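Asker: Structure file protein_27.cif (mmCIF, C-alpha atoms) right here:
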```cif
data_work
#
loop_
_atom_site.label_atom_id
_atom_site.label_comp_id
_atom_site.auth_asym_id
_atom_site.auth_seq_id
_atom_site.Cartn_x
_atom_site.Cartn_y
_atom_site.Cartn_z
CA MET A 3 85.88 125.72 75.87
CA ARG A 4 85.85 126.70 79.52
CA VAL A 5 88.48 124.36 80.95
CA VAL A 6 89.58 123.49 84.47
CA PHE A 7 93.08 122.01 84.51
CA MET A 8 94.17 119.64 87.28
CA GLY A 9 97.83 118.68 87.47
CA THR A 10 100.91 119.06 89.65
CA PRO A 11 104.38 117.98 88.36
CA ASP A 12 106.62 118.95 85.44
CA PHE A 13 104.93 116.35 83.24
CA SER A 14 101.71 118.38 83.30
CA VAL A 15 103.14 121.83 82.44
CA PRO A 16 103.26 121.47 78.61
CA ILE A 17 99.66 120.21 78.67
CA LEU A 18 98.52 123.29 80.61
CA GLU A 19 100.40 125.57 78.21
CA ALA A 20 98.86 123.93 75.14
CA LEU A 21 95.36 124.26 76.57
CA ALA A 22 95.87 127.90 77.56
CA GLU A 23 96.79 128.76 73.95
CA ARG A 24 93.50 127.44 72.52
CA HIS A 25 90.90 127.51 75.29
CA GLU A 26 89.80 129.52 78.31
CA VAL A 27 91.50 127.87 81.29
CA ILE A 28 89.40 129.37 84.07
CA CYS A 29 91.10 127.68 87.01
CA VAL A 30 93.99 125.34 87.82
CA TYR A 31 93.98 122.76 90.61
CA CYS A 32 97.31 121.53 92.05
CA GLN A 33 98.48 119.73 95.13
CA PRO A 34 99.44 122.14 97.94
CA PRO A 35 102.98 123.61 98.11
CA ARG A 36 105.48 121.34 99.85
CA PRO A 37 108.53 122.16 102.00
CA ALA A 38 111.69 121.98 99.87
CA GLY A 39 115.37 122.88 99.95
CA ARG A 40 117.66 123.41 102.92
CA GLY A 41 115.35 125.93 104.51
CA GLN A 42 112.31 123.71 104.01
CA LYS A 43 110.31 126.66 102.75
CA GLU A 44 107.05 125.84 101.02
CA ARG A 45 107.52 125.69 97.28
CA PRO A 46 104.66 125.69 94.75
CA SER A 47 104.51 122.81 92.30
CA PRO A 48 105.66 123.30 88.68
CA VAL A 49 102.06 123.58 87.46
CA HIS A 50 101.21 126.04 90.25
CA ALA A 51 104.13 128.28 89.30
CA ARG A 52 103.34 128.15 85.59
CA ALA A 53 99.65 128.86 86.11
CA GLU A 54 100.43 131.94 88.17
CA ALA A 55 102.83 133.13 85.45
CA LEU A 56 99.99 132.73 82.93
CA GLY A 57 97.64 134.69 85.19
CA ILE A 58 95.32 131.75 85.85
CA PRO A 59 93.72 131.38 89.33
CA VAL A 60 95.11 128.43 91.30
CA ARG A 61 93.45 126.30 93.96
CA THR A 62 95.38 123.85 96.15
CA PRO A 63 92.94 121.87 98.32
CA LYS A 64 94.34 118.99 100.35
CA SER A 65 91.30 116.92 99.41
CA LEU A 66 88.21 117.13 97.21
CA LYS A 67 86.08 114.95 99.45
CA GLY A 68 84.40 117.79 101.36
CA GLU A 69 81.06 119.21 100.28
CA ASP A 70 82.39 122.78 100.30
CA GLU A 71 85.24 121.92 97.90
CA GLN A 72 82.87 120.01 95.64
CA ALA A 73 80.40 122.91 95.59
CA ALA A 74 83.23 125.35 94.77
CA PHE A 75 84.28 123.13 91.87
CA ASP A 76 80.70 122.88 90.60
CA ASP A 77 80.32 126.67 90.75
CA LEU A 78 83.06 127.05 88.11
CA ASP A 79 80.48 125.99 85.50
CA THR A 80 83.13 124.39 83.34
CA ASP A 81 82.74 122.59 80.02
CA VAL A 82 85.48 120.06 80.69
CA ALA A 83 88.15 119.24 83.25
CA VAL A 84 91.54 118.05 82.00
CA VAL A 85 93.53 115.96 84.46
CA ALA A 86 97.24 115.15 84.10
CA ALA A 87 99.15 113.67 87.05
CA TYR A 88 97.11 115.64 89.58
CA GLY A 89 97.71 113.27 92.48
CA LEU A 90 94.33 113.47 94.23
CA ILE A 91 91.32 111.18 93.82
CA LEU A 92 88.33 112.86 92.15
CA PRO A 93 85.05 111.97 93.90
CA GLU A 94 81.92 111.29 91.86
CA PRO A 95 80.48 114.83 92.31
CA VAL A 96 83.68 116.29 90.82
CA LEU A 97 83.75 113.79 87.96
CA GLU A 98 80.15 114.64 87.10
CA ALA A 99 80.34 118.44 87.44
CA PRO A 100 81.83 119.46 84.03
CA LYS A 101 79.33 119.37 81.16
CA LEU A 102 81.58 117.06 79.12
CA GLY A 103 83.12 115.25 82.07
CA CYS A 104 86.78 114.88 83.09
CA LEU A 105 89.44 113.82 80.59
CA ASN A 106 92.74 112.29 81.66
CA VAL A 107 96.16 112.28 80.01
CA HIS A 108 97.64 108.88 80.90
CA ALA A 109 101.25 108.00 80.02
CA SER A 110 100.72 104.50 78.68
CA LEU A 111 98.83 102.55 76.03
CA LEU A 112 95.86 101.54 78.13
CA PRO A 113 94.84 99.06 79.41
CA ARG A 114 98.55 98.28 79.87
CA TRP A 115 100.11 100.05 82.84
CA ARG A 116 97.21 101.53 84.70
CA GLY A 117 98.38 103.18 87.90
CA ALA A 118 101.12 105.31 89.39
CA ALA A 119 104.36 104.56 87.51
CA PRO A 120 103.56 103.68 83.88
CA ILE A 121 106.69 105.27 82.39
CA GLN A 122 109.11 103.42 84.65
CA ARG A 123 107.29 100.09 84.43
CA ALA A 124 107.18 100.09 80.64
CA ILE A 125 110.97 100.39 80.48
CA MET A 126 111.69 98.01 83.36
CA GLU A 127 109.49 95.28 81.84
CA GLY A 128 111.19 95.52 78.46
CA ASP A 129 108.26 96.93 76.48
CA THR A 130 109.26 97.97 72.97
CA GLU A 131 106.65 100.74 72.84
CA THR A 132 104.46 102.85 75.05
CA GLY A 133 102.52 106.05 74.51
CA VAL A 134 99.72 108.31 75.69
CA THR A 135 96.02 107.59 76.07
CA ILE A 136 93.36 110.29 76.40
CA MET A 137 90.45 108.80 78.33
CA GLU A 138 87.19 109.75 79.97
CA MET A 139 87.54 109.46 83.73
CA GLU A 140 85.33 107.31 85.92
CA ALA A 141 85.55 106.01 89.48
CA GLY A 142 87.92 103.10 88.68
CA LEU A 143 91.71 103.39 88.47
CA ASP A 144 92.44 104.39 84.86
CA THR A 145 89.53 102.28 83.63
CA GLY A 146 87.60 104.88 81.63
CA PRO A 147 86.71 104.78 77.91
CA MET A 148 89.47 105.86 75.53
CA LEU A 149 89.22 108.77 73.09
CA LEU A 150 92.68 108.87 71.50
CA LYS A 151 95.90 106.87 71.71
CA ARG A 152 99.39 107.37 70.22
CA SER A 153 102.49 105.19 70.57
CA VAL A 154 106.23 105.89 70.75
CA PRO A 155 109.11 103.37 70.63
CA ILE A 156 111.28 102.31 73.57
CA THR A 157 114.88 101.35 72.79
CA ASP A 158 117.51 99.79 75.04
CA ARG A 159 118.89 103.31 75.61
CA THR A 160 115.58 105.00 76.53
CA THR A 161 115.60 106.42 80.05
CA ALA A 162 112.55 107.28 82.13
CA GLY A 163 113.60 110.94 82.06
CA ALA A 164 113.75 111.11 78.27
CA LEU A 165 110.51 109.15 77.89
CA HIS A 166 108.80 111.42 80.44
CA ASP A 167 109.58 114.48 78.30
CA THR A 168 108.49 112.76 75.08
CA LEU A 169 105.17 111.64 76.54
CA SER A 170 104.52 115.02 78.15
CA ALA A 171 104.82 116.76 74.79
CA LEU A 172 102.75 114.05 73.11
CA GLY A 173 100.09 114.36 75.80
CA ALA A 174 99.82 118.09 75.19
CA SER A 175 99.26 117.74 71.43
CA LEU A 176 96.94 114.76 71.87
CA MET A 177 94.71 116.53 74.40
CA VAL A 178 94.38 119.53 72.08
CA GLU A 179 93.44 117.12 69.29
CA ALA A 180 90.91 115.42 71.55
CA LEU A 181 89.18 118.67 72.49
CA ASP A 182 89.10 119.72 68.81
CA GLY A 183 87.52 116.36 67.95
CA ILE A 184 84.91 116.72 70.70
CA LEU A 185 83.99 120.21 69.52
CA ALA A 186 83.65 118.93 65.96
CA GLY A 187 81.58 115.94 67.08
CA GLU A 188 84.10 113.58 65.48
CA LEU A 189 85.30 111.57 68.49
CA GLU A 190 83.63 108.53 69.95
CA ALA A 191 84.91 106.89 73.14
CA GLU A 192 85.94 103.23 73.05
CA GLU A 193 85.77 100.95 76.07
CA GLN A 194 89.08 99.51 77.23
CA PRO A 195 89.53 95.81 76.42
CA GLU A 196 89.44 93.38 79.32
CA GLU A 197 92.54 91.58 78.07
CA GLY A 198 96.01 93.05 78.52
CA VAL A 199 95.39 94.88 81.80
CA THR A 200 98.53 95.48 83.87
CA TYR A 201 99.15 97.72 86.88
CA ALA A 202 102.09 100.08 87.28
CA ALA A 203 102.71 99.99 91.02
CA LYS A 204 104.58 102.85 92.64
CA ILE A 205 108.36 102.32 92.64
CA SER A 206 109.62 101.07 96.00
CA LYS A 207 112.99 101.93 97.53
CA ALA A 208 114.01 98.27 97.46
CA GLU A 209 113.71 98.16 93.66
CA ALA A 210 116.43 100.76 93.21
CA ARG A 211 119.38 98.68 94.46
CA ILE A 212 121.20 96.85 91.67
CA ASP A 213 121.65 93.10 92.10
CA PHE A 214 124.38 91.97 89.72
CA ALA A 215 123.16 88.38 90.06
CA HIS A 216 120.73 89.31 87.28
CA ARG A 217 121.72 89.25 83.62
CA ALA A 218 122.87 92.47 81.93
CA PRO A 219 119.65 93.13 79.93
CA TRP A 220 117.57 93.01 83.13
CA ILE A 221 119.93 95.42 84.90
CA MET A 222 119.97 97.80 81.92
CA ARG A 223 116.17 98.01 82.05
CA GLN A 224 116.32 98.66 85.80
CA VAL A 225 118.95 101.40 85.39
CA HIS A 226 117.19 103.18 82.53
CA GLY A 227 113.71 102.74 84.01
CA LEU A 228 114.80 104.48 87.23
CA SER A 229 116.89 107.23 85.63
CA PRO A 230 117.14 109.98 86.72
CA PHE A 231 114.83 109.42 89.70
CA PRO A 232 115.08 107.68 92.06
CA GLY A 233 118.17 106.28 90.35
CA ALA A 234 119.34 102.67 90.46
CA TRP A 235 122.34 102.35 92.75
CA CYS A 236 125.05 100.06 94.03
CA GLU A 237 128.00 100.29 96.37
CA ILE A 238 131.47 100.39 94.81
CA ASN A 239 134.32 100.05 97.28
CA GLY A 240 131.89 100.90 100.07
CA GLU A 241 130.56 104.11 98.47
CA ARG A 242 127.01 104.43 97.23
CA VAL A 243 126.88 105.32 93.53
CA LYS A 244 123.88 105.86 91.27
CA VAL A 245 124.07 104.36 87.79
CA LEU A 246 121.99 106.58 85.50
CA ALA A 247 122.84 104.97 82.16
CA CYS A 248 124.75 101.90 81.01
CA GLU A 249 125.41 99.64 78.07
CA ALA A 250 125.71 95.88 77.76
CA ALA A 251 129.13 94.37 77.11
CA GLU A 252 130.74 90.96 76.95
CA GLY A 253 131.76 89.64 80.34
CA ARG A 254 133.48 86.48 81.58
CA GLN A 255 131.86 83.21 82.52
CA ASP A 256 134.29 82.73 85.40
CA ALA A 257 133.65 86.18 86.96
CA ALA A 258 131.49 86.48 90.06
CA PRO A 259 128.56 88.90 89.61
CA GLY A 260 129.53 92.38 90.78
CA THR A 261 133.24 91.99 90.03
CA VAL A 262 134.88 94.95 88.29
CA LEU A 263 136.59 93.45 85.23
CA ASP A 264 138.73 96.33 83.92
CA ASP A 265 139.90 99.88 84.56
CA ASP A 266 136.98 101.25 82.52
CA LEU A 267 134.32 100.04 84.98
CA LEU A 268 133.09 96.90 83.24
CA ILE A 269 131.01 95.06 85.87
CA ALA A 270 130.23 91.34 85.71
CA CYS A 271 126.60 90.23 85.78
CA ALA A 272 125.03 86.76 85.67
CA ASP A 273 125.78 84.12 83.00
CA GLY A 274 128.89 85.80 81.64
CA THR A 275 127.11 89.06 80.81
CA ALA A 276 128.30 92.49 81.93
CA ILE A 277 127.36 96.16 81.97
CA ARG A 278 129.50 99.24 81.55
CA PRO A 279 128.00 102.33 83.22
CA THR A 280 128.07 105.39 80.98
CA ARG A 281 126.68 107.97 83.43
CA LEU A 282 127.01 107.90 87.21
CA GLN A 283 126.49 110.03 90.29
CA ARG A 284 128.22 109.94 93.67
CA ALA A 285 126.32 110.99 96.78
CA GLY A 286 126.22 114.76 97.12
CA LYS A 287 127.69 115.37 93.67
CA GLY A 288 126.34 116.01 90.20
CA ALA A 289 125.88 113.37 87.54
CA ALA A 290 128.91 112.74 85.29
CA ASP A 291 129.81 110.71 82.23
CA ARG A 292 132.02 107.70 82.95
CA ASP A 293 135.34 109.27 81.91
CA ALA A 294 134.80 112.29 84.17
CA PHE A 295 133.53 110.09 86.98
CA LEU A 296 136.61 107.85 86.89
CA ARG A 297 138.95 110.84 87.09
CA GLY A 298 137.69 111.41 90.61
CA PHE A 299 136.89 107.84 91.66
CA ARG A 300 139.52 105.12 91.79
CA VAL A 301 138.45 101.68 90.63
CA ALA A 302 140.51 98.68 89.59
CA PRO A 303 139.94 95.14 88.31
CA GLY A 304 138.89 92.88 91.18
CA ASP A 305 136.99 95.59 93.04
CA VAL A 306 133.41 94.71 93.92
CA ALA A 307 130.11 96.44 93.17
CA GLY A 308 126.94 95.36 94.86
#
```
Please lay out the structure from this file as C-alpha cells.
Answerer:
Amino acid sequence: MRVVFMGTPDFSVPILEALAERHEVICVYCQPPRPAGRGQKERPSPVHARAEALGIPVRTPKSLKGEDEQAAFDDLDTDVAVVAAYGLILPEPVLEAPKLGCLNVHASLLPRWRGAAPIQRAIMEGDTETGVTIMEMEAGLDTGPMLLKRSVPITDRTTAGALHDTLSALGASLMVEALDGILAGELEAEEQPEEGVTYAAKISKAEARIDFAHRAPWIMRQVHGLSPFPGAWCEINGERVKVLACEAAEGRQDAAPGTVLDDDLLIACADGTAIRPTRLQRAGKGAADRDAFLRGFRVAPGDVAG
C-alpha cells in the first residue's frame, strides 16, 4: 500500500518502523519541532527524526485546516493514512482523501478511555486490563468503527511507562495485521457500543501531588499511573520528591496520614494503610531505587510527607 503516516512521540515510532518494512510509506506528518534543552534549540520529534533516518519525506504543518495543506495532502494520492498520537485534528477533507480512509492506533479498549490520556487513566482508575484498538477515523473524538482490538493485563506494579512501551509494540503489530486483513478483504469494521464510554482527560498538574489522606491502593494507582511523567510527588522535610514506584504495606491505625513510620520510608496513608516508595527522584537528580535514595536523603520516623 501507499501509506501516509501521521504521528509525533516515541509511542508512534515502532508503528512507523513496522509499516516501513511492509508498505511504501510515501510521507510522514509530525508536529513541528519544538524548542528543547538549555539552549532552547528546535528539536525534531521522535517520529520526525526516525522518518528522516529511514529516508522518508517529512511534513510538519502547524495546522491542517488550510486549503493549501489539504490540497497538498490530497495530491499524495495515498491508499491509507495511519495515525498514531499525531496531536493535530484531521479535518473532513483530510479524513476523506485516502482511498481507504484514515486508520488510528488508539491505546485503549474502545469505547473505554477515548481521549488524550488513556494509558494513565486506565492505571489510575484501577482497570485490570487495557489494550489497543485499530479504528477507522471519523469527525468525532475516537468514535470511529473498530477493525481490531487486543488486550493486555494491568497489575498493581504496572507503570504508565512500561504500559506505554507494551502498547506501542502491540499497536505496531496490530496495525500491520489490520492492513494485511484489509488487503485480503477479511476485515469488517464494527461500530463502537454506546455503553461503556469513558473519556481520558489530559492529566492536570494538580493530579500529580500525593494526598496521603487517601488509602494506599488509591495512591499506588496514582503513583504508577503518572510514572515516569509527570511523576506523582510529595514534599518530605520540605523538599519536593517524585515517587515513581511504590508498594503497599501494613501501617498503623493511630498514625496520621503522611507520617513516616520507620527508617525505610514507610509512609502512613488513610485507614491504617501505608505505602513504601521503591523508586524516587529528587529535583534536579536522576531517579534512584529506595536504598540508594536514602543514602543521600535523611529521613526518620515522625518526619512528614505531604
Asker: Selection in question (the file shown): the PyMOL selection byres ((chain A and resi 5) around 6). Which residues does it include, as a PyMOL selection string?
Answerer: chain A and resi 3-4+6+26-28+80+82-83
Asker: Can you list, as a ChimeraX atom specification, the residues that the PyMOL selection byres ((chain A and resi 87-98) around 9) selects here?
Answerer: /A:8-11,13-14,31-33,64-67,72-73,75-76,83,85-86,99-104,106-108,118,139-141
Asker: Specify as a ChimeraX atom specification each residue included when the PyMOL selection byres ((chain A and resi 292-295) around 12) is applied to this file.
Answerer: /A:243-249,265-268,278-284,287-291,296-301
Asker: Would you please work out which residue, of A:Ile136, A:Leu143, A:Ala164, A:Met126, is nearest to Gly227 in chain A when using all atoms listed in the file?
Answerer: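 Ranking A:Ile136, A:Leu143, A:Ala164, A:Met126 by distance to Gly227 in chain A, first place goes to A:Met126.
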Asker: So, counting all atoms listed in the file, which residue among A:Ala109, A:Met137, A:Leu169, A:Ala276 is closest to Glu193 in chain A?
Answerer: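 The shortest atom-to-atom distance to Glu193 in chain A comes from A:Met137.
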Asker: Check the smallest atom-to-atom distance from each of A:Ile277, A:Val49, A:Val178, A:Leu228 to Ala119 in chain A using all atoms listed in the file, then report the winner.
Answerer: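 Looking only at the distances to Ala119 in chain A, the closest residue turns out to be A:Leu228.
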Asker: Just how far from CA of Asp144 in chain A is CA of Gly117 in chain A, in Å to one decimal?
Answerer: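 Distance between the two atoms: 6.8 Å.
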Asker: So how far away is CA of Phe214 in chain A from CA of Gly274 in chain A, in Å?
Answerer: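 According to the coordinates, CA of Gly274 in chain A and CA of Phe214 in chain A are separated by 11.1 Å.
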Asker: Quote the spacing between CA of Pro230 in chain A and CA of Gly304 in chain A in Å to one decimal place.
Answerer: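 Pair CA of Pro230 in chain A / CA of Gly304 in chain A returns 28.0 Å.
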Asker: Considering all atoms listed in the file, can you say which of A:Gly286, A:Gly142, A:Gly260, A:Pro35 comes closest to Thr62 in chain A?
Answerer: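 Checking each of A:Gly286, A:Gly142, A:Gly260, A:Pro35 against Thr62 in chain A, counting all atoms listed in the file, the winner is A:Pro35.
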Asker: Find the residue from A:Ala20, A:Val134, A:Ala208, A:Ala302 that sits nearest to Arg116 in chain A; use all atoms listed in the file when measuring.
Answerer: A:Val134
Asker: Can you pull out the residues contacting Ser153 in chain A? Cut-off 10 Å, using only C-alpha atoms, and skip same-chain residues under 6 positions away; I want them as a PDB file with C-alpha atoms, in the coordinates of the input.
Answerer:
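The file below, part_8.pdb, is the result:
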```
ATOM      1  CA  ALA A 109     101.250 108.000  80.020  1.00  0.00           C
ATOM      2  CA  SER A 110     100.720 104.500  78.680  1.00  0.00           C
ATOM      3  CA  LEU A 111      98.830 102.550  76.030  1.00  0.00           C
ATOM      4  CA  GLU A 131     106.650 100.740  72.840  1.00  0.00           C
ATOM      5  CA  THR A 132     104.460 102.850  75.050  1.00  0.00           C
ATOM      6  CA  GLY A 133     102.520 106.050  74.510  1.00  0.00           C
ATOM      7  CA  VAL A 134      99.720 108.310  75.690  1.00  0.00           C
ATOM      8  CA  THR A 135      96.020 107.590  76.070  1.00  0.00           C
ATOM      9  CA  LEU A 169     105.170 111.640  76.540  1.00  0.00           C
ATOM     10  CA  LEU A 172     102.750 114.050  73.110  1.00  0.00           C
TER      11      LEU A 172
END
```
Asker: Using all atoms listed in the file, which residues sit within 12 Å of Glu252 in chain A once same-chain residues fewer than 2 positions away are excluded, as a PyMOL selection string?
Answerer: chain A and resi 217-219+249-250+254-255+257+263-264+268-278
Asker: Pro113 in chain A: which residues within 7 Å, counting all atoms listed in the file, same-chain residues fewer than 3 positions away excluded, as a ChimeraX atom specification?
Answerer: /A:116,194-195,198-200
Asker: Could you write those residues out with C-alpha atoms, as a PDB file, in the coordinates of the input?
Answerer:
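Written output follows (again.pdb):
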```
ATOM      1  CA  ARG A 116      97.210 101.530  84.700  1.00  0.00           C
ATOM      2  CA  GLN A 194      89.080  99.510  77.230  1.00  0.00           C
ATOM      3  CA  PRO A 195      89.530  95.810  76.420  1.00  0.00           C
ATOM      4  CA  GLY A 198      96.010  93.050  78.520  1.00  0.00           C
ATOM      5  CA  VAL A 199      95.390  94.880  81.800  1.00  0.00           C
ATOM      6  CA  THR A 200      98.530  95.480  83.870  1.00  0.00           C
TER       7      THR A 200
END
```
Asker: Would you kindly return, as a VMD selection string, each protein, DNA or RNA residue with an atom no farther than 9 Å from any atom of Leu21 in chain A, considering all atoms listed in the file and excluding same-chain residues fewer than 2 positions away?
Answerer: chain A and resid 5 7 16 to 19 23 to 27 174 177 to 178
Asker: Would you mind telling me which residue in A:Leu105, A:Ala215, A:Ala202, A:Leu189 lies nearest to Asp81 in chain A when using only C-alpha atoms?
Answerer: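 Using only C-alpha atoms, the shortest distance to Asp81 in chain A belongs to A:Leu105.
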Asker: How about completing range 288-298 of chain A with all heavy atoms and giving it to me as a PDB file, keeping the file's coordinate frame?
Answerer:
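Writing done, so here's result23.pdb:
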```pdb
ATOM      1  N   GLY A 288     127.122 116.029  91.417  1.00  0.00           N
ATOM      2  CA  GLY A 288     126.340 116.010  90.200  1.00  0.00           C
ATOM      3  C   GLY A 288     126.606 114.776  89.370  1.00  0.00           C
ATOM      4  O   GLY A 288     127.612 114.077  89.548  1.00  0.00           O
ATOM      5  N   ALA A 289     125.701 114.494  88.444  1.00  0.00           N
ATOM      6  CA  ALA A 289     125.880 113.370  87.540  1.00  0.00           C
ATOM      7  C   ALA A 289     127.040 113.654  86.582  1.00  0.00           C
ATOM      8  O   ALA A 289     127.304 114.805  86.223  1.00  0.00           O
ATOM      9  CB  ALA A 289     124.605 113.113  86.754  1.00  0.00           C
ATOM     10  N   ALA A 290     127.745 112.575  86.176  1.00  0.00           N
ATOM     11  CA  ALA A 290     128.910 112.740  85.290  1.00  0.00           C
ATOM     12  C   ALA A 290     128.998 111.555  84.349  1.00  0.00           C
ATOM     13  O   ALA A 290     128.615 110.426  84.691  1.00  0.00           O
ATOM     14  CB  ALA A 290     130.193 112.854  86.112  1.00  0.00           C
ATOM     15  N   ASP A 291     129.512 111.810  83.137  1.00  0.00           N
ATOM     16  CA  ASP A 291     129.810 110.710  82.230  1.00  0.00           C
ATOM     17  C   ASP A 291     130.963 109.885  82.802  1.00  0.00           C
ATOM     18  O   ASP A 291     131.729 110.356  83.646  1.00  0.00           O
ATOM     19  CB  ASP A 291     130.181 111.246  80.852  1.00  0.00           C
ATOM     20  CG  ASP A 291     128.982 111.876  80.143  1.00  0.00           C
ATOM     21  OD1 ASP A 291     127.837 111.551  80.509  1.00  0.00           O
ATOM     22  OD2 ASP A 291     129.206 112.710  79.251  1.00  0.00           O
ATOM     23  N   ARG A 292     131.088 108.644  82.322  1.00  0.00           N
ATOM     24  CA  ARG A 292     132.020 107.700  82.950  1.00  0.00           C
ATOM     25  C   ARG A 292     133.453 108.224  83.010  1.00  0.00           C
ATOM     26  O   ARG A 292     134.124 108.109  84.049  1.00  0.00           O
ATOM     27  CB  ARG A 292     131.989 106.357  82.211  1.00  0.00           C
ATOM     28  CG  ARG A 292     132.910 105.305  82.844  1.00  0.00           C
ATOM     29  CD  ARG A 292     132.853 103.966  82.126  1.00  0.00           C
ATOM     30  NE  ARG A 292     133.350 104.032  80.777  1.00  0.00           N
ATOM     31  CZ  ARG A 292     132.589 103.973  79.693  1.00  0.00           C
ATOM     32  NH1 ARG A 292     131.289 103.863  79.806  1.00  0.00           N
ATOM     33  NH2 ARG A 292     133.131 104.020  78.490  1.00  0.00           N
ATOM     34  N   ASP A 293     133.956 108.802  81.921  1.00  0.00           N
ATOM     35  CA  ASP A 293     135.340 109.270  81.910  1.00  0.00           C
ATOM     36  C   ASP A 293     135.577 110.306  83.011  1.00  0.00           C
ATOM     37  O   ASP A 293     136.575 110.246  83.747  1.00  0.00           O
ATOM     38  CB  ASP A 293     135.698 109.856  80.556  1.00  0.00           C
ATOM     39  CG  ASP A 293     135.796 108.793  79.472  1.00  0.00           C
ATOM     40  OD1 ASP A 293     135.831 107.595  79.824  1.00  0.00           O
ATOM     41  OD2 ASP A 293     135.825 109.161  78.281  1.00  0.00           O
ATOM     42  N   ALA A 294     134.662 111.267  83.135  1.00  0.00           N
ATOM     43  CA  ALA A 294     134.800 112.290  84.170  1.00  0.00           C
ATOM     44  C   ALA A 294     134.642 111.687  85.554  1.00  0.00           C
ATOM     45  O   ALA A 294     135.361 112.063  86.492  1.00  0.00           O
ATOM     46  CB  ALA A 294     133.769 113.404  83.952  1.00  0.00           C
ATOM     47  N   PHE A 295     133.738 110.745  85.684  1.00  0.00           N
ATOM     48  CA  PHE A 295     133.530 110.090  86.980  1.00  0.00           C
ATOM     49  C   PHE A 295     134.791 109.365  87.430  1.00  0.00           C
ATOM     50  O   PHE A 295     135.205 109.470  88.599  1.00  0.00           O
ATOM     51  CB  PHE A 295     132.365 109.097  86.852  1.00  0.00           C
ATOM     52  CG  PHE A 295     132.119 108.264  88.079  1.00  0.00           C
ATOM     53  CD1 PHE A 295     131.348 108.749  89.124  1.00  0.00           C
ATOM     54  CD2 PHE A 295     132.663 106.991  88.192  1.00  0.00           C
ATOM     55  CE1 PHE A 295     131.121 107.986  90.264  1.00  0.00           C
ATOM     56  CE2 PHE A 295     132.442 106.213  89.326  1.00  0.00           C
ATOM     57  CZ  PHE A 295     131.666 106.711  90.360  1.00  0.00           C
ATOM     58  N   LEU A 296     135.435 108.647  86.521  1.00  0.00           N
ATOM     59  CA  LEU A 296     136.610 107.850  86.890  1.00  0.00           C
ATOM     60  C   LEU A 296     137.838 108.717  87.185  1.00  0.00           C
ATOM     61  O   LEU A 296     138.775 108.246  87.835  1.00  0.00           O
ATOM     62  CB  LEU A 296     136.930 106.852  85.773  1.00  0.00           C
ATOM     63  CG  LEU A 296     135.923 105.701  85.627  1.00  0.00           C
ATOM     64  CD1 LEU A 296     136.271 104.837  84.428  1.00  0.00           C
ATOM     65  CD2 LEU A 296     135.880 104.858  86.908  1.00  0.00           C
ATOM     66  N   ARG A 297     137.835 109.958  86.729  1.00  0.00           N
ATOM     67  CA  ARG A 297     138.950 110.840  87.090  1.00  0.00           C
ATOM     68  C   ARG A 297     138.938 111.198  88.572  1.00  0.00           C
ATOM     69  O   ARG A 297     139.979 111.546  89.126  1.00  0.00           O
ATOM     70  CB  ARG A 297     138.902 112.111  86.232  1.00  0.00           C
ATOM     71  CG  ARG A 297     139.374 111.902  84.806  1.00  0.00           C
ATOM     72  CD  ARG A 297     139.702 113.207  84.112  1.00  0.00           C
ATOM     73  NE  ARG A 297     138.512 113.998  83.836  1.00  0.00           N
ATOM     74  CZ  ARG A 297     137.806 113.907  82.712  1.00  0.00           C
ATOM     75  NH1 ARG A 297     138.167 113.047  81.771  1.00  0.00           N
ATOM     76  NH2 ARG A 297     136.746 114.681  82.540  1.00  0.00           N
ATOM     77  N   GLY A 298     137.764 111.092  89.201  1.00  0.00           N
ATOM     78  CA  GLY A 298     137.690 111.410  90.610  1.00  0.00           C
ATOM     79  C   GLY A 298     137.315 110.225  91.486  1.00  0.00           C
ATOM     80  O   GLY A 298     137.056 110.400  92.687  1.00  0.00           O
TER      81      GLY A 298
END
```
